[in-house]
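Reproduced below: structure08.cif, with mmCIF, C-alpha atoms and all ligand atoms.
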```
data_start
loop_
_atom_site.label_atom_id
_atom_site.label_comp_id
_atom_site.auth_asym_id
_atom_site.auth_seq_id
_atom_site.Cartn_x
_atom_site.Cartn_y
_atom_site.Cartn_z
CA MET A 1 -6.19 -9.86 9.87
CA ASN A 2 -5.05 -12.18 7.11
CA THR A 3 -7.12 -11.47 3.98
CA LEU A 4 -4.83 -12.39 1.07
CA LYS A 5 -4.18 -16.06 0.51
CA ALA A 6 -1.52 -17.89 -1.49
CA ARG A 7 -2.55 -19.26 -4.86
CA LYS A 8 -2.00 -22.99 -5.34
CA ILE A 9 0.05 -23.90 -8.40
CA ASN A 10 0.31 -27.62 -7.61
CA ASP A 11 0.17 -29.73 -4.45
CA ASN A 12 3.60 -28.53 -3.33
CA LEU A 13 3.95 -25.13 -4.96
CA PHE A 14 2.19 -21.86 -4.16
CA TYR A 15 2.26 -18.33 -5.55
CA ILE A 16 2.97 -15.96 -2.65
CA GLY A 17 3.85 -12.76 -4.54
CA ALA A 18 2.15 -9.38 -4.21
CA ASP A 19 1.11 -6.51 -6.44
CA ASP A 20 2.40 -2.96 -6.18
CA ARG A 21 -0.14 -0.39 -7.37
CA ASP A 22 1.24 2.53 -5.39
CA LEU A 23 4.59 3.03 -7.11
CA PRO A 24 4.15 5.50 -10.00
CA ILE A 25 7.74 5.36 -11.25
CA PHE A 26 9.79 2.13 -11.23
CA GLU A 27 13.41 2.66 -10.20
CA GLY A 28 12.80 6.40 -10.19
CA MET A 29 12.73 6.49 -14.01
CA LEU A 30 10.09 4.32 -15.66
CA ALA A 31 6.36 5.00 -15.41
CA ILE A 32 4.31 1.96 -14.40
CA PRO A 33 0.69 3.11 -14.65
CA LYS A 34 -0.46 -0.53 -14.62
CA GLY A 35 1.60 -1.40 -11.54
CA VAL A 36 3.97 -4.33 -11.13
CA SER A 37 3.96 -7.66 -9.35
CA TYR A 38 6.79 -8.93 -7.18
CA ASN A 39 6.49 -12.69 -7.47
CA SER A 40 7.60 -15.20 -4.91
CA TYR A 41 6.91 -18.90 -4.65
CA LEU A 42 6.69 -21.37 -1.78
CA ILE A 43 7.67 -25.01 -2.27
CA THR A 44 6.33 -27.18 0.55
CA GLY A 45 7.22 -30.66 1.76
CA SER A 46 9.66 -32.10 4.27
CA SER A 47 11.41 -28.74 3.81
CA ASN A 48 9.69 -25.48 3.01
CA ILE A 49 11.53 -23.43 0.39
CA CYS A 50 10.87 -19.80 -0.49
CA MET A 51 11.87 -18.91 -4.05
CA ASP A 52 12.83 -15.21 -4.10
CA LEU A 53 11.33 -12.50 -1.92
CA THR A 54 9.31 -9.35 -2.58
CA LYS A 55 9.97 -5.65 -2.13
CA ASN A 56 9.61 -4.52 1.48
CA THR A 57 6.63 -2.29 0.63
CA VAL A 58 4.44 -5.38 0.14
CA SER A 59 5.98 -7.56 2.86
CA LYS A 60 2.77 -7.86 4.84
CA ASP A 61 0.85 -9.38 1.92
CA PHE A 62 3.79 -11.67 1.19
CA LEU A 63 4.19 -12.90 4.78
CA ASP A 64 0.42 -13.32 5.16
CA LYS A 65 0.41 -15.58 2.12
CA ILE A 66 3.22 -17.75 3.49
CA LYS A 67 1.30 -18.13 6.72
CA SER A 68 -1.85 -19.08 4.82
CA VAL A 69 0.02 -22.15 3.51
CA ILE A 70 2.30 -23.32 6.33
CA GLY A 71 0.79 -21.65 9.39
CA SER A 72 3.42 -21.39 12.10
CA ASN A 73 5.80 -23.91 10.50
CA PRO A 74 9.20 -22.55 9.51
CA VAL A 75 10.57 -21.70 6.08
CA ASP A 76 13.76 -23.80 5.93
CA TYR A 77 15.41 -22.38 2.80
CA LEU A 78 15.32 -19.09 0.97
CA VAL A 79 16.60 -19.10 -2.62
CA ILE A 80 17.77 -15.70 -3.85
CA ASN A 81 18.06 -15.92 -7.62
CA HIS A 82 18.41 -12.16 -7.99
CA ILE A 83 19.17 -9.68 -5.24
CA GLU A 84 17.96 -6.44 -6.80
CA PRO A 85 15.94 -4.83 -3.99
CA ASP A 86 12.55 -5.24 -5.69
CA HIS A 87 13.10 -8.95 -4.90
CA SER A 88 15.09 -8.78 -1.71
CA SER A 89 14.30 -5.74 0.41
CA GLY A 90 11.56 -7.76 2.15
CA ILE A 91 14.36 -9.82 3.72
CA VAL A 92 14.36 -7.82 6.96
CA GLU A 93 10.74 -8.65 7.85
CA PHE A 94 11.16 -12.16 6.44
CA MET A 95 14.18 -12.95 8.61
CA ALA A 96 12.51 -11.45 11.65
CA ARG A 97 9.87 -14.13 11.24
CA TYR A 98 12.16 -16.94 10.03
CA PRO A 99 15.53 -16.24 11.70
CA ASN A 100 16.91 -19.74 11.14
CA VAL A 101 16.29 -19.86 7.39
CA LYS A 102 19.24 -21.00 5.26
CA ILE A 103 19.90 -18.75 2.29
CA ILE A 104 20.81 -20.34 -1.04
CA CYS A 105 22.55 -18.02 -3.47
CA ASN A 106 25.80 -17.65 -5.38
CA LYS A 107 29.08 -16.05 -4.38
CA LYS A 108 28.31 -12.69 -5.96
CA THR A 109 25.03 -12.52 -4.06
CA THR A 110 26.75 -13.26 -0.75
CA LYS A 111 28.76 -10.06 -1.04
CA LEU A 112 25.68 -7.99 -1.85
CA LEU A 113 23.67 -9.59 0.99
CA ASP A 114 26.23 -8.20 3.38
CA ARG A 115 26.44 -4.77 1.73
CA TYR A 116 22.68 -4.31 1.35
CA TYR A 117 21.30 -6.01 4.46
CA ASP A 118 24.21 -6.87 6.76
CA VAL A 119 23.32 -10.57 6.35
CA LYS A 120 26.45 -12.72 6.60
CA SER A 121 25.54 -16.14 7.97
CA ASN A 122 23.45 -19.23 7.22
CA ILE A 123 24.41 -18.98 3.55
CA ILE A 124 24.77 -21.92 1.16
CA GLU A 125 26.61 -20.91 -2.01
CA VAL A 126 25.82 -22.72 -5.26
CA THR A 127 27.73 -22.81 -8.53
CA ASP A 128 26.67 -23.11 -12.15
CA GLY A 129 24.91 -26.41 -12.85
CA GLU A 130 24.92 -27.52 -9.20
CA THR A 131 21.97 -29.52 -7.87
CA LEU A 132 20.88 -29.40 -4.24
CA GLU A 133 18.61 -31.92 -2.56
CA LEU A 134 16.46 -29.99 -0.13
CA GLY A 135 14.25 -32.46 1.72
CA ASP A 136 12.02 -34.10 -0.86
CA HIS A 137 12.80 -31.52 -3.55
CA LYS A 138 15.71 -31.08 -5.91
CA LEU A 139 16.79 -27.78 -7.43
CA THR A 140 19.43 -27.19 -10.10
CA PHE A 141 20.96 -23.74 -10.46
CA PHE A 142 22.20 -22.06 -13.62
CA MET A 143 24.08 -18.78 -13.61
CA THR A 144 22.63 -16.21 -16.02
CA PRO A 145 25.07 -13.31 -15.59
CA MET A 146 23.99 -9.83 -16.68
CA VAL A 147 20.36 -10.78 -17.17
CA HIS A 148 20.41 -8.36 -15.86
CA TRP A 149 22.75 -8.20 -12.84
CA PRO A 150 26.05 -10.07 -12.48
CA GLU A 151 24.69 -12.39 -9.78
CA SER A 152 21.50 -13.33 -11.64
CA MET A 153 20.76 -17.04 -11.73
CA VAL A 154 17.77 -19.30 -12.32
CA ALA A 155 16.61 -22.41 -10.47
CA TYR A 156 15.14 -25.47 -12.14
CA CYS A 157 13.03 -28.11 -10.47
CA PRO A 158 13.64 -31.29 -12.53
CA ASP A 159 10.89 -33.34 -10.87
CA ASN A 160 8.16 -30.94 -11.97
CA LYS A 161 10.01 -29.36 -14.93
CA ILE A 162 9.50 -25.90 -13.48
CA LEU A 163 11.88 -23.03 -14.17
CA PHE A 164 12.15 -20.24 -11.60
CA SER A 165 13.46 -17.68 -14.03
CA GLN A 166 13.90 -14.49 -11.89
CA ASP A 167 13.60 -11.36 -14.07
CA ILE A 168 13.90 -13.39 -17.29
CA PHE A 169 10.47 -13.73 -18.94
CA GLY A 170 9.09 -11.04 -16.63
CA SER A 171 6.73 -8.15 -17.31
CA PHE A 172 5.44 -4.92 -15.87
CA GLY A 173 1.77 -4.86 -14.92
CA ALA A 174 0.10 -5.94 -11.69
CA LEU A 175 -1.66 -9.28 -11.88
CA ASN A 176 -5.17 -8.05 -11.15
CA GLY A 177 -6.36 -11.24 -9.49
CA SER A 178 -4.88 -13.52 -12.15
CA VAL A 179 -1.74 -15.58 -11.71
CA PHE A 180 -1.55 -17.81 -14.79
CA ASP A 181 -1.10 -17.16 -18.51
CA ASP A 182 -4.37 -18.96 -19.26
CA GLU A 183 -6.25 -16.47 -17.06
CA ILE A 184 -5.27 -13.34 -19.00
CA ASP A 185 -5.41 -11.89 -22.50
CA PHE A 186 -1.64 -11.56 -22.90
CA ASP A 187 -1.57 -9.86 -26.29
CA LYS A 188 -4.18 -7.30 -25.29
CA ASP A 189 -3.22 -6.57 -21.70
CA TYR A 190 0.39 -7.65 -21.10
CA LEU A 191 2.38 -7.75 -24.34
CA ARG A 192 3.21 -4.03 -24.29
CA GLU A 193 4.08 -4.20 -20.60
CA THR A 194 6.36 -7.18 -21.34
CA GLN A 195 8.01 -5.24 -24.14
CA ARG A 196 8.46 -2.16 -21.94
CA TYR A 197 9.90 -4.32 -19.18
CA PHE A 198 12.35 -6.22 -21.36
CA ILE A 199 13.53 -3.25 -23.40
CA ASN A 200 14.02 -0.85 -20.50
CA ILE A 201 15.34 -3.31 -17.93
CA VAL A 202 17.14 -5.99 -19.93
CA GLY A 203 17.55 -4.37 -23.36
CA LYS A 204 21.18 -3.38 -22.93
CA TYR A 205 21.96 -7.00 -22.07
CA ALA A 206 19.93 -8.55 -24.88
CA LYS A 207 22.85 -10.73 -25.97
CA CYS A 208 23.21 -12.05 -22.42
CA ALA A 209 19.47 -12.80 -22.46
CA ILE A 210 19.98 -14.91 -25.57
CA ASP A 211 22.93 -16.62 -23.90
CA ALA A 212 20.72 -17.39 -20.91
CA VAL A 213 17.98 -18.87 -23.10
CA GLY A 214 20.57 -20.89 -24.99
CA LYS A 215 22.06 -22.15 -21.74
CA LEU A 216 18.76 -23.80 -20.85
CA ASN A 217 18.92 -25.77 -24.07
CA GLY A 218 17.86 -29.37 -23.52
CA ILE A 219 15.98 -28.74 -20.30
CA GLU A 220 12.34 -29.69 -20.49
CA ILE A 221 10.15 -26.87 -19.26
CA ASP A 222 6.49 -27.36 -18.40
CA MET A 223 6.11 -24.16 -16.41
CA ILE A 224 7.94 -20.86 -16.02
CA CYS A 225 7.69 -18.92 -12.77
CA PRO A 226 9.24 -15.44 -13.21
CA VAL A 227 9.55 -12.76 -10.53
CA HIS A 228 7.33 -10.29 -12.41
CA GLY A 229 4.22 -11.03 -14.48
CA VAL A 230 2.19 -14.20 -14.84
CA VAL A 231 3.15 -17.83 -14.31
CA TRP A 232 3.39 -19.59 -17.66
CA ARG A 233 1.77 -22.99 -17.21
CA LYS A 234 -0.24 -23.38 -20.43
CA ASP A 235 2.04 -21.96 -23.09
CA PRO A 236 5.58 -21.25 -21.83
CA GLY A 237 6.73 -21.27 -25.46
CA LYS A 238 4.81 -18.03 -26.03
CA ILE A 239 6.81 -16.03 -23.51
CA ILE A 240 10.09 -17.61 -24.68
CA ASP A 241 9.22 -16.68 -28.25
CA THR A 242 8.25 -13.15 -27.18
CA TYR A 243 11.55 -12.77 -25.33
CA VAL A 244 13.65 -14.13 -28.18
CA LYS A 245 12.00 -11.68 -30.59
CA LEU A 246 12.71 -8.85 -28.19
CA ALA A 247 16.26 -9.96 -27.46
CA THR A 248 17.03 -10.18 -31.18
CA GLN A 249 15.39 -6.78 -31.65
CA GLU A 250 12.88 -7.89 -34.24
CA THR A 251 11.56 -4.59 -35.63
CA LEU A 252 8.31 -3.64 -37.36
CA ASN A 253 8.13 -1.84 -40.71
CA GLU A 254 7.10 1.37 -39.02
CA LEU A 255 8.40 4.92 -38.95
CA LEU A 256 8.69 6.57 -35.57
CA ILE A 257 9.13 10.34 -35.40
CA ILE A 258 10.00 11.75 -31.99
CA TYR A 259 10.22 15.50 -31.71
CA GLY A 260 10.52 18.19 -29.11
CA SER A 261 9.15 21.64 -29.86
CA MET A 262 9.03 24.92 -27.91
CA TYR A 263 6.95 27.09 -30.25
CA GLY A 264 5.63 24.66 -32.87
CA ASN A 265 8.24 25.01 -35.63
CA THR A 266 10.04 21.73 -34.94
CA LYS A 267 6.64 20.08 -34.61
CA LYS A 268 5.77 21.34 -38.11
CA MET A 269 8.99 19.79 -39.40
CA ALA A 270 7.93 16.44 -37.90
CA GLU A 271 4.54 16.65 -39.58
CA LEU A 272 6.07 17.38 -42.98
CA ILE A 273 8.35 14.35 -42.64
CA ALA A 274 5.33 12.21 -41.75
CA GLU A 275 3.49 13.55 -44.79
CA GLY A 276 6.32 12.48 -47.08
CA ALA A 277 6.58 9.07 -45.45
CA SER A 278 2.91 8.44 -45.91
CA GLN A 279 3.13 9.49 -49.58
CA ALA A 280 5.83 6.84 -50.03
CA GLY A 281 3.44 4.13 -48.93
CA ILE A 282 4.35 3.30 -45.37
CA LYS A 283 1.26 2.35 -43.41
CA THR A 284 2.35 3.07 -39.86
CA VAL A 285 3.87 6.39 -38.92
CA LYS A 286 4.00 7.20 -35.22
CA ILE A 287 4.59 10.79 -34.10
CA ARG A 288 5.53 11.39 -30.47
CA ASP A 289 5.87 14.74 -28.70
CA ILE A 290 8.72 14.13 -26.30
CA SER A 291 7.32 16.59 -23.77
CA PHE A 292 4.23 14.45 -23.23
CA SER A 293 5.69 10.95 -23.46
CA ASP A 294 7.23 8.77 -20.78
CA VAL A 295 10.80 7.94 -21.69
CA SER A 296 10.22 4.19 -21.21
CA GLU A 297 7.44 4.31 -23.80
CA LEU A 298 9.71 6.17 -26.24
CA VAL A 299 12.61 3.76 -25.74
CA THR A 300 10.20 0.87 -26.31
CA ASP A 301 8.87 2.45 -29.50
CA CYS A 302 12.44 2.98 -30.73
CA TRP A 303 13.41 -0.65 -30.08
CA LEU A 304 10.38 -1.91 -32.01
CA SER A 305 10.32 0.52 -34.97
CA LYS A 306 12.63 -0.07 -37.90
CA GLY A 307 12.80 3.62 -38.85
CA ILE A 308 13.47 6.38 -36.34
CA VAL A 309 13.55 10.13 -36.97
CA LEU A 310 14.54 12.40 -34.10
CA GLY A 311 14.01 16.16 -34.09
CA ALA A 312 14.59 18.92 -31.56
CA PRO A 313 15.25 22.63 -31.26
CA THR A 314 18.46 24.12 -30.03
CA PHE A 315 18.39 25.20 -26.40
CA ASP A 316 21.23 27.26 -24.89
CA SER A 317 23.59 26.21 -27.72
CA SER A 318 22.81 22.56 -27.02
CA ILE A 319 19.79 20.32 -27.46
CA PHE A 320 16.27 20.60 -26.00
CA PRO A 321 16.81 18.93 -22.58
CA PRO A 322 14.00 16.32 -22.82
CA MET A 323 15.64 15.07 -26.04
CA ALA A 324 19.03 14.96 -24.28
CA ASN A 325 17.44 12.67 -21.71
CA LEU A 326 16.06 10.35 -24.39
CA LEU A 327 19.42 10.21 -26.17
CA GLU A 328 21.09 9.19 -22.92
CA HIS A 329 18.57 6.37 -22.45
CA LEU A 330 19.02 5.24 -26.05
CA ARG A 331 22.79 5.28 -25.70
CA HIS A 332 22.40 2.42 -23.21
CA GLN A 333 20.34 0.22 -25.48
CA ASN A 334 22.82 -1.20 -28.00
CA MET A 335 20.13 -1.16 -30.69
CA LYS A 336 21.48 -2.43 -34.01
CA ASN A 337 18.44 -2.98 -36.21
CA ASN A 338 17.20 0.56 -36.85
CA LEU A 339 17.41 3.06 -39.69
CA TRP A 340 17.90 6.63 -38.53
CA THR A 341 17.87 10.27 -39.47
CA TYR A 342 17.44 13.56 -37.61
CA PHE A 343 16.46 17.20 -37.93
CA SER A 344 16.85 20.31 -35.83
CA ASN A 345 15.82 23.91 -35.48
CA TYR A 346 17.57 27.00 -34.19
CA SER A 347 17.24 30.79 -34.15
CA TRP A 348 20.70 32.37 -33.97
CA ASN A 349 23.11 29.62 -33.10
CA GLY A 350 22.99 25.86 -33.68
CA GLY A 351 23.65 23.22 -31.08
CA ALA A 352 21.00 20.51 -31.30
CA ASP A 353 22.44 19.31 -34.61
CA LYS A 354 25.88 18.79 -33.05
CA VAL A 355 24.43 16.78 -30.17
CA PHE A 356 22.45 14.62 -32.60
CA LYS A 357 25.55 14.00 -34.70
CA GLU A 358 27.59 12.96 -31.66
CA PHE A 359 24.81 10.59 -30.66
CA MET A 360 24.51 9.04 -34.12
CA ASP A 361 28.30 8.60 -34.30
CA CYS A 362 28.35 7.09 -30.84
CA ILE A 363 25.77 4.40 -31.65
CA ASP A 364 27.16 3.87 -35.15
CA ALA A 365 23.70 4.68 -36.51
CA ASN A 366 22.60 3.43 -39.89
CA LEU A 367 21.77 6.88 -41.31
CA VAL A 368 19.43 6.97 -44.29
CA THR A 369 19.51 10.68 -45.14
CA ASP A 370 21.53 13.77 -44.44
CA PRO A 371 20.16 15.75 -41.50
CA ILE A 372 18.07 18.88 -41.96
CA LYS A 373 18.72 21.99 -39.90
CA LEU A 374 16.74 25.21 -40.33
CA ILE A 375 15.80 28.50 -38.70
CA GLY A 376 12.23 28.96 -37.56
CA PHE A 377 9.29 28.03 -39.77
CA PRO A 378 10.02 25.77 -42.79
CA LYS A 379 9.81 27.66 -46.10
CA GLU A 380 8.45 25.98 -49.23
CA ASP A 381 11.74 24.45 -50.42
CA GLU A 382 12.55 23.34 -46.88
CA SER A 383 9.12 21.80 -46.53
CA GLU A 384 9.73 19.76 -49.65
CA ALA A 385 13.12 18.68 -48.32
CA LEU A 386 11.45 17.49 -45.12
CA ARG A 387 8.81 15.57 -47.09
CA ASP A 388 11.66 14.04 -49.05
CA MET A 389 13.35 12.98 -45.81
CA GLY A 390 10.14 11.17 -44.87
CA ARG A 391 9.88 9.57 -48.30
CA LYS A 392 13.44 8.28 -48.15
CA MET A 393 12.95 6.86 -44.69
CA ALA A 394 9.78 5.10 -45.80
CA GLU A 395 11.49 3.68 -48.88
CA ALA A 396 14.42 2.46 -46.82
CA ILE A 397 12.12 0.81 -44.31
CA LEU A 398 10.13 -0.86 -47.08
CA GLY A 399 13.29 -1.87 -48.90
CA LYS A 400 12.80 0.35 -51.97
CA LYS A 401 16.42 1.30 -52.44
CA GLU A 402 16.30 2.24 -56.10
CA ASP A 403 14.93 5.74 -55.46
CA CYS A 404 17.28 6.55 -52.67
CA ASN A 405 20.09 9.00 -53.38
CA CYS A 406 21.11 9.94 -49.89
CA SER A 407 24.78 10.58 -49.24
CA CYS A 408 24.94 7.69 -46.83
CA CYS A 409 24.01 4.75 -49.03
CA CYS A 410 24.98 6.04 -52.44
CA ASN A 411 28.51 7.22 -51.72
CA SER A 412 30.96 4.42 -52.27
CA GLY A 413 32.44 2.78 -49.26
CA CYS A 414 29.50 3.22 -46.94
CA LYS A 415 28.70 0.03 -45.05
CA ASN A 416 25.20 1.11 -44.08
CA VAL A 417 22.65 0.29 -46.72
CA PRO A 418 19.11 1.48 -46.09
CA GLY A 419 16.61 -1.34 -46.24
CA GLU A 420 19.11 -3.91 -45.05
CA LEU A 421 19.83 -4.28 -41.40
CA SER A 422 23.32 -3.88 -40.07
CA GLU A 423 24.89 -6.36 -37.67
CA SER A 424 22.19 -8.16 -35.72
CA ILE A 425 22.45 -8.75 -32.01
CA LEU A 426 21.81 -12.41 -32.74
CA ASN A 427 24.78 -14.05 -34.39
CA LYS A 428 24.53 -17.36 -36.21
CA ASP A 429 25.54 -19.44 -33.18
CA HIS A 430 22.96 -17.75 -31.01
CA TYR A 431 20.30 -18.16 -33.64
CA GLU A 432 20.94 -21.89 -33.95
CA LEU A 433 20.99 -22.25 -30.20
CA VAL A 434 17.70 -20.48 -29.73
CA LYS A 435 16.09 -22.36 -32.60
CA LYS A 436 17.18 -25.65 -31.11
CA PHE A 437 15.97 -24.58 -27.70
CA LEU A 438 12.55 -23.65 -28.98
CA SER A 439 12.13 -26.87 -30.93
CA GLU A 440 13.39 -29.26 -28.25
CA THR A 441 12.69 -27.69 -24.92
CA VAL A 442 9.14 -26.52 -24.65
CA LYS A 443 6.46 -29.11 -24.96
FE1 LIG B 501 12.98 -7.22 -10.91
FE2 LIG B 501 16.17 -6.90 -11.65
O1 LIG B 501 14.73 -6.83 -10.51
#
```
Show this structure as structure tokens.
Ligand code: FEO
Amino acid sequence: MNTLKARKINDNLFYIGADDRDLPIFEGMLAIPKGVSYNSYLITGSSNICMDLTKNTVSKDFLDKIKSVIGSNPVDYLVINHIEPDHSSGIVEFMARYPNVKIICNKKTTKLLDRYYDVKSNIIEVTDGETLELGDHKLTFFMTPMVHWPESMVAYCPDNKILFSQDIFGSFGALNGSVFDDEIDFDKDYLRETQRYFINIVGKYAKCAIDAVGKLNGIEIDMICPVHGVVWRKDPGKIIDTYVKLATQETLNELLIIYGSMYGNTKKMAELIAEGASQAGIKTVKIRDISFSDVSELVTDCWLSKGIVLGAPTFDSSIFPPMANLLEHLRHQNMKNNLWTYFSNYSWNGGADKVFKEFMDCIDANLVTDPIKLIGFPKEDESEALRDMGRKMAEAILGKKEDCNCSCCCNSGCKNVPGELSESILNKDHYELVKKFLSETVK
């Protein structure tokens, strides 16, 4: 029985995506307690065009929705803007129903269509900037490589000024009956899920995301239809602005302390650092126990917090394994706008401190203080040193450099100055491009 119907966007465009509430962990790594939507769109007219597919787990809902619009008529074209399986694995059921559909994609997608699904024929390849006339509709395609796969592209409908943006401008979070931005409270219910999505999925390729936004410069956009999250018909500028802030890693004046602790001593160190930070006047200090936090939440907090302090005990002459996992995730992020320090604990042999140092060297971290390493419970002088670490971090975040005497910023020749951000992801050209885009593109 067909119970779910497509949602009309305009006379010739329908939302035919579906929600996934059954998948606890996205891509086997990232918790999605609020679910996720796999969005697809159907353009109707003298030709029926399907814009991206869904994951195979929701194929029935997806196919039911197509049928609710066009009945037994065929889908003539399938556009694959992005072939990652959350948007393409439904192709088997889809092609069983529409075997004569012509697939529009780019050369890189063609290869993956074969490797993933053994699909080799009825393919129309498009190139960057190419426009196709498909019945009474026109679509222009722009390549957006590495946002976030090499084959990623977007499609633009010039007649209606609609951008089909694939993962760009997407979000975690099922749609809960809503489809449009004017039907939700974005800041309350979807901003964090958008941040988690961007940072964990696209974060490493933030510069490519800026390139993609810049590439659309001069195109008038009335509506954005991404493959996750809501359709932006009222205020597309809001999601563009949100994405630009994320892509440029705009941070908040907050201190984030992430610790792991086996018997409470490293936890005590974290609390002493927080105490010192608060004494120095910083208003927001976030403390996270790594053992009870999803890694995608921690990576998101790191991306958004200007100051980050990491702490862990030594385990088997190395670092507490949950912290090792976080460091590996952070290594992928290319974050450039944070101020860092770290602390560790051990009983008879160090190890965590060495792993932290390697990590900080690897990411070229802007270190504010020397690290602290101690055995067991912090004694009085060590407690004061930990409070001082917190104070210095707070001062650096708030830009109070005069009191700072850490070895990093006060030794001559150091390029990292607490309170001032090192090289931004957004260079001057990108900044101008994005500024121009935001002022000229979105009405
Ligand atoms: Fe939503 Fe990159 O797939």
Using only C-alpha atoms, which residue out of A:Asn334, A:Thr266, A:Ser293, A:Thr140 lies closest to Cys157 of chain A?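 So, comparing all the options, the nearest one is A:Thr140.
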To one decimal in Å, tell me the separation between atom CA of Glu93 of chain A and atom CA of Thr131 of chain A.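 Atom-to-atom, atom CA of Glu93 of chain A and atom CA of Thr131 of chain A are spaced 28.4 Å apart.
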Environment of ligand LIG 501 (chain B) within 8 Å, counting only C-alpha atoms and all ligand atoms, reported as a PyMOL selection string: chain A and resi 38+82-87+147-149+166-167+170+201+227-228
Output of the above residues as an mmCIF file, in the frame of the given file, restricted to C-alpha atoms:
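That gives us out.cif:
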```cif
data_model
loop_
_atom_site.group_PDB
_atom_site.id
_atom_site.type_symbol
_atom_site.label_atom_id
_atom_site.label_comp_id
_atom_site.auth_asym_id
_atom_site.auth_seq_id
_atom_site.Cartn_x
_atom_site.Cartn_y
_atom_site.Cartn_z
ATOM 1 C CA TYR A 38 6.790 -8.930 -7.180
ATOM 2 C CA HIS A 82 18.410 -12.160 -7.990
ATOM 3 C CA ILE A 83 19.170 -9.680 -5.240
ATOM 4 C CA GLU A 84 17.960 -6.440 -6.800
ATOM 5 C CA PRO A 85 15.940 -4.830 -3.990
ATOM 6 C CA ASP A 86 12.550 -5.240 -5.690
ATOM 7 C CA HIS A 87 13.100 -8.950 -4.900
ATOM 8 C CA VAL A 147 20.360 -10.780 -17.170
ATOM 9 C CA HIS A 148 20.410 -8.360 -15.860
ATOM 10 C CA TRP A 149 22.750 -8.200 -12.840
ATOM 11 C CA GLN A 166 13.900 -14.490 -11.890
ATOM 12 C CA ASP A 167 13.600 -11.360 -14.070
ATOM 13 C CA GLY A 170 9.090 -11.040 -16.630
ATOM 14 C CA ILE A 201 15.340 -3.310 -17.930
ATOM 15 C CA VAL A 227 9.550 -12.760 -10.530
ATOM 16 C CA HIS A 228 7.330 -10.290 -12.410
#
```
Please identify all polymer residues lying at most 9 Å from the point (-1.5, -12.4, -11.1) (file coordinates), using all atoms listed in the file, and present the result as a PDB file with C-alpha atoms, in the frame of the given file.
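What follows is the written file part_13.pdb:
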```
ATOM      1  CA  TYR A  15       2.260 -18.330  -5.550  1.00  0.00           C
ATOM      2  CA  GLY A  17       3.850 -12.760  -4.540  1.00  0.00           C
ATOM      3  CA  ALA A  18       2.150  -9.380  -4.210  1.00  0.00           C
ATOM      4  CA  ASP A  19       1.110  -6.510  -6.440  1.00  0.00           C
ATOM      5  CA  SER A  37       3.960  -7.660  -9.350  1.00  0.00           C
ATOM      6  CA  ASN A  39       6.490 -12.690  -7.470  1.00  0.00           C
ATOM      7  CA  ALA A 174       0.100  -5.940 -11.690  1.00  0.00           C
ATOM      8  CA  LEU A 175      -1.660  -9.280 -11.880  1.00  0.00           C
ATOM      9  CA  ASN A 176      -5.170  -8.050 -11.150  1.00  0.00           C
ATOM     10  CA  GLY A 177      -6.360 -11.240  -9.490  1.00  0.00           C
ATOM     11  CA  SER A 178      -4.880 -13.520 -12.150  1.00  0.00           C
ATOM     12  CA  VAL A 179      -1.740 -15.580 -11.710  1.00  0.00           C
ATOM     13  CA  PHE A 180      -1.550 -17.810 -14.790  1.00  0.00           C
ATOM     14  CA  ASP A 181      -1.100 -17.160 -18.510  1.00  0.00           C
ATOM     15  CA  GLU A 183      -6.250 -16.470 -17.060  1.00  0.00           C
ATOM     16  CA  ILE A 184      -5.270 -13.340 -19.000  1.00  0.00           C
ATOM     17  CA  GLY A 229       4.220 -11.030 -14.480  1.00  0.00           C
ATOM     18  CA  VAL A 230       2.190 -14.200 -14.840  1.00  0.00           C
ATOM     19  CA  VAL A 231       3.150 -17.830 -14.310  1.00  0.00           C
TER      20      VAL A 231
END
```
Identify which of the residues A:Leu398, A:Ala352, A:Val213, A:Val309 lies closest to Asn366 of chain A, counting all atoms listed in the file when measuring atom-to-atom distances.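 Between A:Leu398, A:Ala352, A:Val213, A:Val309, the residue approaching Asn366 of chain A most closely is A:Val309.
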Go through A:Ala6, A:Met146, A:Val355, A:Val75 and flag the residue nearest Lys108 of chain A, using only C-alpha atoms for the distances.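 Smallest separation from Lys108 of chain A among the options: A:Met146.
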For segment 222-225 of chain A, work out the shell of residues within 7 Å, counting only C-alpha atoms and skipping chain neighbours fewer than 2 positions away, then give it as a list of chain:residue names.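 The residues satisfying every condition are A:Lys161, A:Ile162, A:Leu163, A:Phe164, A:Ser165, A:Glu220, A:Val227, A:Val231, A:Trp232, A:Arg233, A:Pro236, A:Val442, A:Lys443.
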Compare A:Val36, A:Leu367, A:Ala155, A:Val119 by their minimum atom-to-atom distance to Cys50 of chain A, counting only C-alpha atoms, and give me the closest one.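 Comparing A:Val36, A:Leu367, A:Ala155, A:Val119 against Cys50 of chain A, the winner is A:Ala155.
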Separation of atom CA of Met143 of chain A from atom CA of Lys238 of chain A in Å: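 Taking atom CA of Lys238 of chain A as the start and atom CA of Met143 of chain A as the end point, the length is 22.9 Å.
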Nearest residue to Met51 of chain A out of A:Leu386, A:Ile16, A:Met29, A:Leu304, using only C-alpha atoms? A:Ile16
Using all atoms listed in the file, which of the listed residues (A:Asn12, A:Thr341, A:Thr314, A:Asn160) sits closest to Thr369 of chain A?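 Of A:Asn12, A:Thr341, A:Thr314, A:Asn160, the one nearest Thr369 of chain A, counting all atoms listed in the file, is A:Thr341.
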So which residues touch Glu358 of chain A within 12 Å, counting only C-alpha atoms, skipping near sequence neighbours fewer than 6 positions away, as number ranges by chain? A: 318-319, 324, 327-328, 331, 342, 351-352, 364-365
